[in-house]
file upload.tsv (TSV, C-alpha atoms and all ligand atoms)
chain	number	residue	atom	x	y	z
A	1	MET	CA	0.00	0.00	0.00
A	2	LEU	CA	0.93	3.66	0.27
A	3	ASP	CA	4.27	4.51	1.81
A	4	ASN	CA	3.24	7.79	3.48
A	5	LYS	CA	6.76	9.08	3.61
A	6	THR	CA	7.70	8.71	-0.05
A	7	GLY	CA	4.27	8.71	-1.65
A	8	PHE	CA	4.96	5.43	-3.46
A	9	PHE	CA	2.40	2.68	-3.98
A	10	GLY	CA	4.82	-0.17	-4.59
A	11	GLU	CA	6.98	1.11	-7.45
A	12	PHE	CA	4.40	3.68	-8.59
A	13	GLY	CA	3.71	7.28	-7.63
A	14	GLY	CA	6.37	9.33	-5.85
A	15	ARG	CA	7.56	12.75	-6.99
A	16	TYR	CA	9.48	13.39	-10.18
A	17	VAL	CA	9.47	17.19	-10.05
A	18	PRO	CA	11.89	20.15	-9.96
A	19	ASP	CA	13.34	20.98	-6.51
A	20	LYS	CA	11.25	24.12	-6.25
A	21	LEU	CA	8.05	22.08	-6.32
A	22	ILE	CA	9.13	19.79	-3.48
A	23	LYS	CA	8.73	22.56	-0.91
A	24	ILE	CA	5.26	23.44	-2.23
A	25	LEU	CA	4.15	19.79	-2.20
A	26	ASP	CA	5.50	19.35	1.33
A	27	GLU	CA	3.39	22.26	2.54
A	28	VAL	CA	0.23	20.77	1.00
A	29	LYS	CA	1.06	17.30	2.32
A	30	ALA	CA	1.62	18.47	5.89
A	31	GLU	CA	-1.68	20.36	5.91
A	32	PHE	CA	-3.55	17.41	4.37
A	33	TYR	CA	-2.43	14.99	7.07
A	34	LYS	CA	-3.31	17.57	9.72
A	35	CYS	CA	-6.80	18.03	8.26
A	36	LYS	CA	-7.45	14.29	8.08
A	37	ASN	CA	-7.07	14.11	11.85
A	38	ASP	CA	-8.94	17.29	12.65
A	39	SER	CA	-12.59	16.78	13.56
A	40	LYS	CA	-13.36	20.43	12.73
A	41	PHE	CA	-12.15	19.90	9.15
A	42	ILE	CA	-14.08	16.64	8.85
A	43	ASP	CA	-17.26	18.27	10.21
A	44	GLU	CA	-16.97	21.14	7.75
A	45	LEU	CA	-16.40	18.74	4.84
A	46	ASP	CA	-19.38	16.63	5.93
A	47	TYR	CA	-21.52	19.73	6.13
A	48	TYR	CA	-20.81	20.70	2.51
A	49	TYR	CA	-21.03	17.10	1.27
A	50	LYS	CA	-24.50	16.91	2.72
A	51	ASN	CA	-25.91	20.39	2.17
A	52	PHE	CA	-24.15	21.62	-0.96
A	53	ILE	CA	-23.40	18.43	-2.93
A	54	GLY	CA	-26.46	16.50	-1.74
A	55	ARG	CA	-24.73	13.46	-0.22
A	56	PRO	CA	-25.16	10.63	0.47
A	57	SER	CA	-25.89	9.68	-3.12
A	58	PRO	CA	-28.35	6.76	-3.42
A	59	LEU	CA	-27.31	3.20	-4.18
A	60	TYR	CA	-30.04	2.31	-6.63
A	61	PHE	CA	-31.09	-1.22	-7.55
A	62	ALA	CA	-31.49	-1.23	-11.36
A	63	GLU	CA	-34.26	-3.80	-11.21
A	64	LYS	CA	-35.53	-3.45	-14.76
A	65	LEU	CA	-32.05	-3.66	-16.26
A	66	THR	CA	-31.26	-6.66	-14.04
A	67	LYS	CA	-34.44	-8.48	-15.17
A	68	LYS	CA	-33.79	-7.67	-18.80
A	69	ILE	CA	-30.19	-8.90	-18.74
A	70	GLY	CA	-30.93	-11.95	-16.57
A	71	GLY	CA	-28.05	-12.64	-14.22
A	72	ALA	CA	-26.32	-10.72	-11.43
A	73	LYS	CA	-28.14	-7.94	-9.59
A	74	ILE	CA	-26.95	-4.54	-10.82
A	75	TYR	CA	-26.78	-1.64	-8.37
A	76	LEU	CA	-25.88	1.91	-9.45
A	77	LYS	CA	-24.01	4.29	-7.16
A	78	ARG	CA	-25.66	7.55	-8.17
A	79	GLU	CA	-22.80	10.07	-8.32
A	80	ASP	CA	-24.70	11.55	-11.27
A	81	LEU	CA	-27.11	13.08	-8.74
A	82	ASN	CA	-24.42	15.22	-7.09
A	83	HIS	CA	-24.51	18.99	-7.55
A	84	THR	CA	-22.75	19.76	-10.87
A	85	GLY	CA	-23.58	16.26	-12.10
A	86	ALA	CA	-20.60	14.06	-11.29
A	87	HIS	CA	-18.17	12.82	-8.65
A	88	LYS	CA	-15.57	15.54	-9.35
A	89	ILE	CA	-17.10	17.95	-6.84
A	90	ASN	CA	-16.28	15.57	-3.93
A	91	ASN	CA	-12.62	16.25	-4.60
A	92	THR	CA	-12.77	19.99	-5.35
A	93	MET	CA	-14.80	20.54	-2.16
A	94	GLY	CA	-12.14	18.80	-0.07
A	95	GLN	CA	-9.28	20.63	-1.74
A	96	VAL	CA	-10.85	24.09	-1.51
A	97	LEU	CA	-11.30	23.64	2.25
A	98	LEU	CA	-7.65	22.63	2.43
A	99	ALA	CA	-6.59	25.68	0.38
A	100	LYS	CA	-8.60	27.90	2.72
A	101	ARG	CA	-6.70	26.42	5.68
A	102	LEU	CA	-3.43	27.15	3.94
A	103	GLY	CA	-4.51	30.78	3.59
A	104	LYS	CA	-4.44	30.66	-0.22
A	105	LYS	CA	-6.68	33.06	-2.09
A	106	ARG	CA	-5.94	32.05	-5.67
A	107	ILE	CA	-6.81	28.64	-7.14
A	108	ILE	CA	-5.45	27.28	-10.41
A	109	ALA	CA	-6.51	24.09	-12.18
A	110	GLU	CA	-6.18	22.30	-15.48
A	111	THR	CA	-9.12	20.87	-17.34
A	112	GLY	CA	-9.60	18.74	-20.46
A	113	ALA	CA	-13.29	18.31	-21.12
A	114	GLY	CA	-14.08	21.11	-18.69
A	115	GLN	CA	-15.77	18.97	-16.02
A	116	HIS	CA	-13.04	19.49	-13.44
A	117	GLY	CA	-12.88	23.16	-14.42
A	118	VAL	CA	-16.58	23.56	-13.69
A	119	ALA	CA	-16.30	21.70	-10.35
A	120	THR	CA	-13.35	23.93	-9.42
A	121	ALA	CA	-15.06	27.16	-10.48
A	122	THR	CA	-18.12	26.13	-8.45
A	123	VAL	CA	-16.28	25.76	-5.14
A	124	CYS	CA	-14.21	28.91	-5.83
A	125	SER	CA	-17.41	30.86	-6.26
A	126	LEU	CA	-18.70	29.43	-2.97
A	127	PHE	CA	-15.54	30.35	-1.04
A	128	ASP	CA	-14.65	33.63	-2.77
A	129	MET	CA	-11.42	32.43	-4.30
A	130	GLU	CA	-9.85	33.81	-7.46
A	131	CYS	CA	-10.02	31.00	-10.02
A	132	ILE	CA	-7.80	30.48	-13.08
A	133	ILE	CA	-8.46	27.48	-15.32
A	134	TYR	CA	-5.89	26.36	-17.89
A	135	MET	CA	-7.40	24.61	-20.86
A	136	GLY	CA	-5.94	23.60	-24.22
A	137	GLU	CA	-7.20	25.91	-26.97
A	138	GLU	CA	-8.46	22.91	-28.92
A	139	ASP	CA	-10.52	21.85	-25.88
A	140	THR	CA	-11.94	25.35	-25.33
A	141	GLN	CA	-13.40	25.11	-28.82
A	142	ARG	CA	-14.71	21.54	-28.42
A	143	GLN	CA	-16.19	22.31	-24.99
A	144	SER	CA	-17.34	25.89	-25.43
A	145	LEU	CA	-20.41	25.42	-23.23
A	146	ASN	CA	-18.25	24.40	-20.28
A	147	VAL	CA	-16.01	27.43	-20.88
A	148	PHE	CA	-19.12	29.58	-20.62
A	149	ARG	CA	-20.20	27.76	-17.43
A	150	MET	CA	-16.83	28.43	-15.80
A	151	GLU	CA	-16.96	32.10	-16.77
A	152	LEU	CA	-20.50	32.36	-15.45
A	153	LEU	CA	-19.20	31.02	-12.12
A	154	GLY	CA	-16.58	33.77	-12.07
A	155	ALA	CA	-13.50	31.87	-13.28
A	156	LYS	CA	-10.96	33.06	-15.81
A	157	VAL	CA	-10.30	30.47	-18.54
A	158	VAL	CA	-6.84	30.68	-20.10
A	159	PRO	CA	-6.54	28.90	-23.49
A	160	VAL	CA	-3.16	27.17	-23.87
A	161	LYS	CA	-1.93	27.65	-27.41
A	162	HIS	CA	1.16	25.49	-27.77
A	163	GLY	CA	1.79	21.82	-28.60
A	164	MET	CA	-1.31	19.71	-29.23
A	165	ARG	CA	-3.34	22.41	-27.40
A	166	THR	CA	-5.06	19.83	-25.16
A	167	LEU	CA	-4.93	18.54	-21.57
A	168	LYS	CA	-1.23	17.69	-21.42
A	169	GLU	CA	-0.19	21.26	-22.29
A	170	ALA	CA	-2.78	22.66	-19.86
A	171	VAL	CA	-1.14	20.66	-17.02
A	172	ASP	CA	2.33	21.95	-18.02
A	173	GLU	CA	1.04	25.53	-17.96
A	174	ALA	CA	-0.66	25.12	-14.57
A	175	LEU	CA	2.58	23.72	-13.09
A	176	LYS	CA	4.52	26.70	-14.48
A	177	ASP	CA	2.04	29.12	-12.90
A	178	LEU	CA	2.33	27.28	-9.56
A	179	MET	CA	6.12	27.60	-9.50
A	180	GLU	CA	5.88	31.34	-10.14
A	181	ASN	CA	3.03	32.13	-7.78
A	182	TYR	CA	3.05	29.44	-5.10
A	183	GLU	CA	3.04	31.80	-2.15
A	184	HIS	CA	-0.60	32.69	-2.55
A	185	THR	CA	-1.68	30.02	-5.10
A	186	TYR	CA	-3.09	26.53	-4.65
A	187	TYR	CA	-3.07	23.97	-7.47
A	188	MET	CA	-6.28	21.93	-7.52
A	189	LEU	CA	-5.65	18.65	-9.32
A	190	GLY	CA	-8.67	16.92	-10.84
A	191	SER	CA	-7.92	13.21	-10.61
A	192	ALA	CA	-6.00	10.65	-8.56
A	193	VAL	CA	-2.81	11.53	-10.47
A	194	GLY	CA	0.17	13.88	-10.08
A	195	PRO	CA	3.06	13.87	-7.61
A	196	ASP	CA	2.61	12.92	-3.93
A	197	PRO	CA	0.41	13.87	-2.01
A	198	TYR	CA	-2.22	14.36	-4.73
A	199	PRO	CA	-3.09	10.70	-5.48
A	200	ALA	CA	-3.54	9.92	-1.77
A	201	MET	CA	-5.45	13.14	-1.18
A	202	VAL	CA	-7.84	12.69	-4.11
A	203	ASN	CA	-8.42	9.10	-3.01
A	204	TYR	CA	-9.30	10.36	0.46
A	205	PHE	CA	-11.84	12.92	-0.78
A	206	GLN	CA	-13.40	10.47	-3.26
A	207	SER	CA	-13.49	7.50	-0.89
A	208	ILE	CA	-16.80	8.83	0.44
A	209	ILE	CA	-18.24	6.98	-2.61
A	210	GLY	CA	-17.09	3.54	-1.46
A	211	THR	CA	-17.68	4.23	2.23
A	212	GLU	CA	-21.32	5.08	1.53
A	213	ALA	CA	-21.77	2.21	-0.95
A	214	LYS	CA	-20.50	-0.32	1.57
A	215	LYS	CA	-22.93	0.84	4.24
A	216	GLN	CA	-25.80	0.99	1.74
A	217	ILE	CA	-25.31	-2.50	0.30
A	218	ILE	CA	-25.06	-4.00	3.79
A	219	GLU	CA	-28.32	-2.24	4.67
A	220	THR	CA	-30.18	-3.50	1.60
A	221	GLU	CA	-28.60	-6.91	0.89
A	222	GLY	CA	-26.94	-7.76	4.17
A	223	ILE	CA	-23.78	-8.83	2.35
A	224	LEU	CA	-20.89	-7.30	0.42
A	225	PRO	CA	-21.04	-7.17	-3.39
A	226	ASN	CA	-19.12	-9.61	-5.62
A	227	TYR	CA	-17.96	-6.93	-8.07
A	228	LEU	CA	-17.28	-3.20	-8.13
A	229	ILE	CA	-17.08	-1.65	-11.59
A	230	ALA	CA	-15.97	1.88	-12.50
A	231	ALA	CA	-14.69	3.77	-15.53
A	232	VAL	CA	-11.02	4.77	-15.37
A	233	GLY	CA	-9.66	8.01	-16.81
A	234	GLY	CA	-7.16	9.31	-14.27
A	235	GLY	CA	-8.82	6.91	-11.87
A	236	SER	CA	-10.45	9.08	-9.19
A	237	ASN	CA	-14.03	7.79	-9.22
A	238	ALA	CA	-12.76	4.21	-9.43
A	239	ILE	CA	-10.30	4.53	-6.54
A	240	GLY	CA	-13.00	6.32	-4.53
A	241	LEU	CA	-15.31	3.34	-4.91
A	242	PHE	CA	-12.66	0.62	-4.61
A	243	SER	CA	-10.36	1.66	-1.77
A	244	PRO	CA	-12.82	1.32	1.16
A	245	PHE	CA	-13.23	-2.34	0.09
A	246	TYR	CA	-9.48	-2.95	-0.20
A	247	ASN	CA	-9.30	-5.41	2.69
A	248	ASN	CA	-12.46	-7.26	1.64
A	249	LYS	CA	-10.55	-9.60	-0.65
A	250	GLU	CA	-13.71	-11.40	-1.79
A	251	VAL	CA	-14.92	-8.18	-3.49
A	252	LYS	CA	-13.48	-8.02	-7.01
A	253	PHE	CA	-12.51	-4.65	-8.53
A	254	ILE	CA	-12.89	-4.01	-12.24
A	255	GLY	CA	-11.64	-0.78	-13.85
A	256	VAL	CA	-12.95	-0.04	-17.33
A	257	GLU	CA	-10.76	1.87	-19.78
A	258	PRO	CA	-11.77	3.32	-23.15
A	259	ALA	CA	-10.89	1.12	-26.12
A	260	GLY	CA	-12.04	3.98	-28.38
A	261	LYS	CA	-12.41	2.95	-32.00
A	262	GLY	CA	-10.80	-0.42	-31.20
A	263	ILE	CA	-7.41	-1.29	-29.77
A	264	GLU	CA	-6.07	-2.37	-33.18
A	265	THR	CA	-6.68	1.15	-34.59
A	266	GLY	CA	-4.38	2.75	-32.00
A	267	MET	CA	-7.20	5.23	-31.29
A	268	HIS	CA	-7.85	4.48	-27.62
A	269	ALA	CA	-6.79	5.45	-24.09
A	270	ALA	CA	-6.48	2.04	-22.42
A	271	THR	CA	-3.43	2.96	-20.36
A	272	LEU	CA	-3.36	0.08	-17.88
A	273	SER	CA	-4.22	-2.51	-20.50
A	274	PHE	CA	-1.65	-1.42	-23.09
A	275	GLY	CA	0.76	1.08	-21.50
A	276	LYS	CA	4.16	0.54	-19.91
A	277	PRO	CA	5.60	1.93	-16.65
A	278	GLY	CA	7.08	5.40	-17.09
A	279	VAL	CA	7.03	8.94	-15.73
A	280	LEU	CA	4.48	11.58	-16.73
A	281	HIS	CA	3.50	14.85	-15.02
A	282	GLY	CA	5.67	14.20	-12.00
A	283	PHE	CA	4.78	10.62	-11.00
A	284	ARG	CA	5.54	7.05	-12.02
A	285	SER	CA	2.73	4.93	-13.39
A	286	TYR	CA	1.59	3.08	-16.49
A	287	VAL	CA	1.76	5.43	-19.46
A	288	LEU	CA	0.80	5.07	-23.11
A	289	GLN	CA	4.16	5.91	-24.65
A	290	ASP	CA	6.32	5.36	-27.71
A	291	GLU	CA	9.76	3.67	-27.83
A	292	GLN	CA	11.42	6.94	-26.74
A	293	GLY	CA	9.16	7.27	-23.70
A	294	GLU	CA	7.15	10.16	-25.18
A	295	SER	CA	3.47	9.96	-24.24
A	296	LEU	CA	1.22	8.98	-27.15
A	297	PRO	CA	-1.83	10.85	-28.42
A	298	VAL	CA	-4.98	9.31	-26.93
A	299	TYR	CA	-8.58	9.11	-28.01
A	300	SER	CA	-12.00	8.26	-26.56
A	301	ILE	CA	-15.59	9.17	-27.39
A	302	SER	CA	-15.73	10.53	-23.83
A	303	ALA	CA	-13.43	13.50	-23.33
A	304	GLY	CA	-13.17	12.76	-19.60
A	305	LEU	CA	-11.32	9.49	-20.24
A	306	ASP	CA	-8.63	10.46	-22.74
A	307	TYR	CA	-5.51	10.86	-20.63
A	308	PRO	CA	-2.29	8.94	-21.51
A	309	GLY	CA	-1.48	8.28	-17.83
A	310	VAL	CA	-3.40	6.84	-14.89
A	311	GLY	CA	-3.31	7.17	-11.11
A	312	PRO	CA	-0.36	5.31	-9.53
A	313	GLU	CA	-2.56	3.42	-7.08
A	314	HIS	CA	-4.28	1.70	-10.01
A	315	SER	CA	-0.91	0.68	-11.45
A	316	PHE	CA	-0.15	-0.84	-8.07
A	317	TYR	CA	-3.54	-2.62	-7.90
A	318	LYS	CA	-2.87	-4.02	-11.37
A	319	ASP	CA	0.58	-5.34	-10.50
A	320	ILE	CA	-0.51	-6.99	-7.26
A	321	LYS	CA	-3.65	-8.24	-9.07
A	322	ARG	CA	-6.01	-6.60	-6.57
A	323	ALA	CA	-7.94	-5.15	-9.52
A	324	GLU	CA	-8.54	-6.20	-13.09
A	325	TYR	CA	-8.56	-3.66	-15.93
A	326	VAL	CA	-10.61	-4.21	-19.06
A	327	SER	CA	-11.64	-2.04	-22.00
A	328	ILE	CA	-14.87	-1.07	-23.75
A	329	THR	CA	-15.16	0.50	-27.21
A	330	ASP	CA	-16.99	3.72	-28.15
A	331	GLU	CA	-19.66	1.62	-29.84
A	332	GLU	CA	-20.27	-0.54	-26.76
A	333	ALA	CA	-20.39	2.57	-24.54
A	334	LEU	CA	-22.92	4.20	-26.86
A	335	ASN	CA	-25.13	1.10	-26.71
A	336	ALA	CA	-25.02	1.16	-22.91
A	337	PHE	CA	-25.80	4.90	-22.95
A	338	GLU	CA	-29.01	4.15	-24.86
A	339	GLU	CA	-29.83	0.98	-22.92
A	340	LEU	CA	-29.72	2.62	-19.48
A	341	SER	CA	-31.69	5.63	-20.74
A	342	ARG	CA	-34.47	3.44	-22.12
A	343	THR	CA	-34.57	0.81	-19.39
A	344	GLU	CA	-34.07	2.82	-16.24
A	345	GLY	CA	-34.83	6.43	-17.18
A	346	ILE	CA	-31.25	7.42	-16.36
A	347	ILE	CA	-29.04	9.08	-18.99
A	348	PRO	CA	-25.47	8.27	-17.95
A	349	ALA	CA	-22.32	10.25	-18.81
A	350	LEU	CA	-20.38	8.67	-21.70
A	351	GLU	CA	-17.53	7.98	-19.24
A	352	SER	CA	-19.88	6.08	-16.91
A	353	SER	CA	-21.44	4.29	-19.91
A	354	HIS	CA	-18.16	2.37	-20.25
A	355	ALA	CA	-18.68	0.93	-16.77
A	356	VAL	CA	-22.35	0.19	-17.46
A	357	ALA	CA	-21.41	-1.60	-20.71
A	358	TYR	CA	-18.99	-3.89	-18.91
A	359	ALA	CA	-21.48	-4.55	-16.10
A	360	ILE	CA	-24.06	-5.70	-18.66
A	361	LYS	CA	-21.54	-8.10	-20.22
A	362	LEU	CA	-20.51	-9.48	-16.85
A	363	ALA	CA	-24.01	-9.75	-15.34
A	364	LYS	CA	-25.08	-12.07	-18.16
A	365	GLN	CA	-22.37	-14.56	-17.20
A	366	CYS	CA	-23.25	-14.53	-13.49
A	367	SER	CA	-25.85	-16.40	-11.47
A	368	GLU	CA	-28.74	-14.43	-9.95
A	369	ASP	CA	-27.29	-14.45	-6.44
A	370	LYS	CA	-24.31	-12.33	-7.49
A	371	ILE	CA	-24.20	-8.57	-6.87
A	372	ILE	CA	-22.52	-5.89	-8.98
A	373	ILE	CA	-22.11	-2.25	-7.98
A	374	VAL	CA	-21.45	0.13	-10.88
A	375	ASN	CA	-20.22	3.62	-10.21
A	376	LEU	CA	-22.45	5.95	-12.20
A	377	SER	CA	-19.81	8.67	-12.07
A	378	GLY	CA	-21.82	11.34	-13.87
A	379	ARG	CA	-24.97	12.28	-15.74
A	380	GLY	CA	-25.19	12.40	-19.50
A	381	ASP	CA	-26.77	15.82	-20.02
A	382	LYS	CA	-23.39	17.17	-21.13
A	383	ASP	CA	-23.17	14.45	-23.78
A	384	VAL	CA	-26.62	14.45	-25.41
A	385	ASP	CA	-25.65	16.94	-28.12
A	386	GLN	CA	-22.61	14.87	-29.13
A	387	VAL	CA	-24.54	11.57	-29.05
A	388	CYS	CA	-27.38	13.10	-31.05
A	389	LYS	CA	-24.93	14.05	-33.82
A	390	ILE	CA	-23.31	10.60	-33.81
A	391	LEU	CA	-26.60	8.69	-33.93
A	392	LYS	CA	-28.05	10.92	-36.64
A	393	SER	CA	-25.00	10.45	-38.86
A	394	LYS	CA	-25.29	6.66	-38.67
B	401	LIG	C1	-13.78	13.13	-15.36
B	401	LIG	C2	-14.77	12.03	-15.35
B	401	LIG	C3	-14.37	10.67	-15.32
B	401	LIG	C4	-12.94	10.24	-15.36
B	401	LIG	O1	-12.14	10.71	-14.33
B	401	LIG	P1	-11.62	9.76	-13.16
B	401	LIG	O2	-10.63	10.57	-12.46
B	401	LIG	O3	-11.05	8.53	-13.80
B	401	LIG	O4	-12.80	9.43	-12.32
B	401	LIG	C5	-15.36	9.71	-15.25
B	401	LIG	N1	-16.67	10.04	-15.25
B	401	LIG	C6	-17.08	11.32	-15.30
B	401	LIG	C7	-18.55	11.60	-15.29
B	401	LIG	C8	-16.15	12.36	-15.36
B	401	LIG	O5	-16.57	13.64	-15.40
call {"tool": "encode", "arguments": {"input": "upload.tsv", "output": "structure tokens"}}
result
Amino acid sequence: MLDNKTGFFGEFGGRYVPDKLIKILDEVKAEFYKCKNDSKFIDELDYYYKNFIGRPSPLYFAEKLTKKIGGAKIYLKREDLNHTGAHKINNTMGQVLLAKRLGKKRIIAETGAGQHGVATATVCSLFDMECIIYMGEEDTQRQSLNVFRMELLGAKVVPVKHGMRTLKEAVDEALKDLMENYEHTYYMLGSAVGPDPYPAMVNYFQSIIGTEAKKQIIETEGILPNYLIAAVGGGSNAIGLFSPFYNNKEVKFIGVEPAGKGIETGMHAATLSFGKPGVLHGFRSYVLQDEQGESLPVYSISAGLDYPGVGPEHSFYKDIKRAEYVSITDEEALNAFEELSRTEGIIPALESSHAVAYAIKLAKQCSEDKIIIVNLSGRGDKDVDQVCKILKSK
């Protein structure tokens, strides 16, 4: 497990950053471990989880889907019902309270699809923090509605105009800003990635998902589930669901990565399934990279899943075989998107549709006494326009 001192999970994680960043990361780390043991901090976090985000999110038995598929019982952890429509706010809420404790008044963040940017801008509005969001210029054009949302919430969106003009360059730019302005600036990372302490910290703020799910399934079924299934981009919603079950060895973890247009086309982002260990953005993990160790361009129908790296804790889970990582294509995710909408009246995010698609496949092969919990990480409202265009062009 995590070595608190070094920030390594086995051989993954750690800090591969310039000296100047070490001091900044140490400050954040010290405060984080203080907060974790401070009942005032925990009470404040609980207050906002409950009253602002709307927690606990329900654990919903998808009875119609279960009957239709015929096999294991499928439960949905409804992170889609959170304020702002996904799990990302669990993390930004925790980090903004931490930033407040550190006396920081200026928050910076990177965003790809804009979901983390919106969750960051939301908490900054709530706590009167200046908010700067770095976003690749290409992404600002693809996700113009989210840019508008962030601006509406009072954030400044800075388009990054070099390189591929996507998420990777936005992270580089945010790190540069942090090194120049660290005295009054806090960097709010959006997934369970980055140098220590971010992966451990994001896990902590997202583990409310698994903690609630465990209590809820015991209340309704009286037993633990057989499988937990979650989509994996950087890995935050998955680690949030999985980690509270870590010591329950009988509960199997399945992380679902995007196989995009098909693995053989090279257009995918299945990092754990097809990457190799390497260093990206300051930490060691599986990375989709070429022979020279340069990270490869990635693709998925869901913008929230196309990152060439993955959280180090997942790399560790893979190597010790605590979790299994599989992949689902765009086409399969789209089918699940439609299936859940029609059968249960729930339009899932395209990211979450990957997890739903795998759950449907798996449920069919299981007997009726088995239980699957799927993390419904977000709602699909943000995706309906894109899906409409795809289905109409078919
Ligand atoms: C961002 C996002 C993801 C992927 O991020 P993780 O850090 O892997 O959880 C998954 N689902 C939704 C709805 C998202 O917005």
call {"tool": "closest_residue", "arguments": {"input": "upload.tsv", "among": "A:Val251, A:Ala336, A:Leu280, A:Leu305", "to": "Gly293 (chain A)", "atoms": "only C-alpha atoms"}}
result
A:Leu280
call {"tool": "residues_around", "arguments": {"input": "upload.tsv", "residues": "region 52-64 of chain A", "least_positions_apart": "6", "cutoff": "7 Å", "atoms": "all atoms listed in the file", "output": "VMD selection string"}}
result
chain A and resid 74 to 79 81 to 83 212 to 213 216 343 to 344
call {"tool": "residues_near_ligand", "arguments": {"input": "upload.tsv", "ligand": "ligand LIG 401 (chain B)", "cutoff": "9 Å", "atoms": "only C-alpha atoms and all ligand atoms", "output": "NGL selection string"}}
result
:A and (79-80 or 85-88 or 112-116 or 190-193 or 230-240 or 257 or 302-306 or 310-311 or 348-353 or 375-380)
call {"tool": "residues_around", "arguments": {"input": "upload.tsv", "residues": "Met267 (chain A)", "least_positions_apart": "5", "cutoff": "9 Å", "atoms": "all atoms listed in the file", "output": "list of chain:residue names"}}
result
A:Ala259, A:Gly260, A:Lys261, A:Gly262, A:Pro297, A:Val298, A:Tyr299, A:Ser300
call {"tool": "residues_around", "arguments": {"input": "upload.tsv", "residues": "Leu153 (chain A)", "least_positions_apart": "5", "cutoff": "12 Å", "atoms": "all atoms listed in the file", "output": "PyMOL selection string"}}
result
chain A and resi 84+117-133+146-148
call {"tool": "closest_residue", "arguments": {"input": "upload.tsv", "among": "A:Leu65, A:Met1, A:Lys20, A:Gln365", "to": "Arg342 (chain A)", "atoms": "only C-alpha atoms"}}
result
A:Leu65
call {"tool": "closest_residue", "arguments": {"input": "upload.tsv", "among": "A:Ile254, A:Ile24, A:Ala170, A:Val356", "to": "Tyr325 (chain A)", "atoms": "only C-alpha atoms"}}
result
A:Ile254
call {"tool": "axis_aligned_box", "arguments": {"input": "upload.tsv", "around": "region 339-358 of chain A", "padding_each_side": "3 Å", "output": "lines of an AutoDock Vina configuration file"}}
result
center_x = -26.2
center_y = 3.2
center_z = -19.6
size_x = 23.3
size_y = 20.1
size_z = 12.7
call {"tool": "closest_residue", "arguments": {"input": "upload.tsv", "among": "A:Ser315, A:Tyr227, A:Gly345, A:Phe242", "to": "Ala359 (chain A)", "atoms": "all atoms listed in the file"}}
result
A:Tyr227
call {"tool": "atom_distance", "arguments": {"input": "upload.tsv", "atom1": "CA of Tyr204 (chain A)", "atom2": "CA of Tyr49 (chain A)"}}
result
13.6 Å
call {"tool": "decode", "arguments": {"input": "upload.tsv", "residues": "region 312-342 of chain A", "atoms": "C-alpha atoms", "output": "PDB file, in the first residue's frame"}}
result
ATOM      1  CA  PRO A 312      -0.362   5.307  -9.527  1.00  0.00           C
ATOM      2  CA  GLU A 313      -2.557   3.417  -7.084  1.00  0.00           C
ATOM      3  CA  HIS A 314      -4.283   1.696 -10.010  1.00  0.00           C
ATOM      4  CA  SER A 315      -0.906   0.685 -11.449  1.00  0.00           C
ATOM      5  CA  PHE A 316      -0.150  -0.844  -8.073  1.00  0.00           C
ATOM      6  CA  TYR A 317      -3.539  -2.615  -7.902  1.00  0.00           C
ATOM      7  CA  LYS A 318      -2.867  -4.024 -11.369  1.00  0.00           C
ATOM      8  CA  ASP A 319       0.576  -5.337 -10.497  1.00  0.00           C
ATOM      9  CA  ILE A 320      -0.513  -6.993  -7.260  1.00  0.00           C
ATOM     10  CA  LYS A 321      -3.651  -8.241  -9.071  1.00  0.00           C
ATOM     11  CA  ARG A 322      -6.010  -6.600  -6.572  1.00  0.00           C
ATOM     12  CA  ALA A 323      -7.942  -5.154  -9.523  1.00  0.00           C
ATOM     13  CA  GLU A 324      -8.540  -6.204 -13.095  1.00  0.00           C
ATOM     14  CA  TYR A 325      -8.563  -3.656 -15.931  1.00  0.00           C
ATOM     15  CA  VAL A 326     -10.610  -4.211 -19.061  1.00  0.00           C
ATOM     16  CA  SER A 327     -11.637  -2.038 -21.996  1.00  0.00           C
ATOM     17  CA  ILE A 328     -14.866  -1.073 -23.746  1.00  0.00           C
ATOM     18  CA  THR A 329     -15.156   0.496 -27.210  1.00  0.00           C
ATOM     19  CA  ASP A 330     -16.994   3.721 -28.155  1.00  0.00           C
ATOM     20  CA  GLU A 331     -19.655   1.615 -29.840  1.00  0.00           C
ATOM     21  CA  GLU A 332     -20.273  -0.538 -26.759  1.00  0.00           C
ATOM     22  CA  ALA A 333     -20.387   2.566 -24.538  1.00  0.00           C
ATOM     23  CA  LEU A 334     -22.924   4.198 -26.858  1.00  0.00           C
ATOM     24  CA  ASN A 335     -25.132   1.104 -26.707  1.00  0.00           C
ATOM     25  CA  ALA A 336     -25.015   1.158 -22.914  1.00  0.00           C
ATOM     26  CA  PHE A 337     -25.803   4.901 -22.951  1.00  0.00           C
ATOM     27  CA  GLU A 338     -29.012   4.148 -24.857  1.00  0.00           C
ATOM     28  CA  GLU A 339     -29.831   0.983 -22.916  1.00  0.00           C
ATOM     29  CA  LEU A 340     -29.718   2.619 -19.481  1.00  0.00           C
ATOM     30  CA  SER A 341     -31.685   5.631 -20.744  1.00  0.00           C
ATOM     31  CA  ARG A 342     -34.470   3.436 -22.119  1.00  0.00           C
TER      32      ARG A 342
END
